[in-house]
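A.B. asks: Just dropping this structure here.
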Amino acid sequence: MKSLLISTSLAASAMLPSAAHAQAIPAAVVAVVDLEKVTSECNACKTAQAALVSQINGLKSRQTALATPLQTEGKSIQAAVDALNGKDPDATLQARVRAFQAKQAQAEQELATQQQQIQRNQQYVQKQIAAKLGPIYTQVMQRRGANMMVEIGQTLASGATLDVTNDVLTALNTAMPSVATTAPAQAAPARTTQPQGR
């Protein structure tokens with residue numbers, strides 16, 4: 001019993017120094033930023049957004065340019081098929097159908113490629129902005145004496161004196177005069193060579 005009390009008191013005394021050395025967490029000094037405002041109003045962001053909208057409009061125009069002749073050709077082929085009244089199409093009509101299907105597939109592939117490029121461009125713009133914002137957050141927090149920054153949309157309420165949106169926006173305009181709106185070409189997938197069996 002006496003040895004049990006001694007070992008308990010030794011364990012308690014071993015835990016006391018570590019508890020005494022624990023440091024208190026400083027009080028939170030929070031800053032809030034309206035990230036939507038920053039990314040829509042920064043000068044380079046506005047220019048990039050206009051370029052992306054132009055790319056999207058170009059895709060829509062190309063889609064219309066490809067669809068119109070295809071629709072005309074499709075109607076013409078359908079009229080020729082209907083005129084057969086259930087008879088098998090001749091070789092010429094079959095060739096027209098195959099050519100039409102090939103054009104249709106080619107148009108779909110072209111549009112899909114352009115759409116993927118626009119999506120890559122949008123992601124590339126966002127990546128560039130995010131890369132600039134990271135250090136800016138730290139700088140603004142240090143300058144304003146904050147040890148935490150949150151997006152204003154994630155708060156229920158905040159005082160106007162906590163808002164550092166204009167600080168972040170000004171710093172972003174200085175740090176990022178322009179943004180590239182065309183993503184670099186993707187690297188071709190590496191070919192792996194399979195060992196040949198003997």
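A note on labels: chains of the structure tokens are A, B, ... as shown, every chain counts residues from 1, and ligands are counted from 1 in their shown order.
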Using only C-alpha atoms, which protein or nucleic acid residues come within 12 Å of region 48-59 of chain A? Drop anything in the same chain fewer than 6 positions from it, and give the result as a count of residues only.
C.D. replies: 35
A.B. asks: Using only C-alpha atoms, which protein or nucleic acid residues come within 12 Å of Thr155 (chain A)? Drop anything in the same chain fewer than 6 positions from it, and give the result as a list of chain:residue names.
C.D. replies: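 Everything that qualifies: A:Val30, A:Ala31, A:Val32, A:Val33, A:Asp34, A:Met149, A:Leu162, A:Asp163.
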A.B. asks: Write to file, as a compact mmCIF listing (two decimals), in the first residue's frame, the residues of the selection just made, with C-alpha atoms.
C.D. replies:
# COMPACT_ATOMS: atom_id res chain seq x y z
CA VAL A 30 -9.20 38.32 -36.19
CA ALA A 31 -9.28 40.09 -39.53
CA VAL A 32 -11.93 39.43 -42.16
CA VAL A 33 -11.58 39.68 -45.94
CA ASP A 34 -14.22 39.65 -48.66
CA MET A 149 -7.85 35.89 -41.05
CA LEU A 162 -11.96 44.03 -38.68
CA ASP A 163 -12.41 44.25 -42.47
A.B. asks: Write out as a ChimeraX atom specification all residues of chain A that backbone DSSP assigns to alpha helix (DSSP H).
C.D. replies: /A:2-21,35-41,43-83,91-144,165-175
A.B. asks: Grab the CA of Val140 (chain A) to CA of Val168 (chain A) distance for me, in Å with one decimal place.
C.D. replies: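 Straight-line distance from CA of Val140 (chain A) to CA of Val168 (chain A) works out to 6.7 Å.
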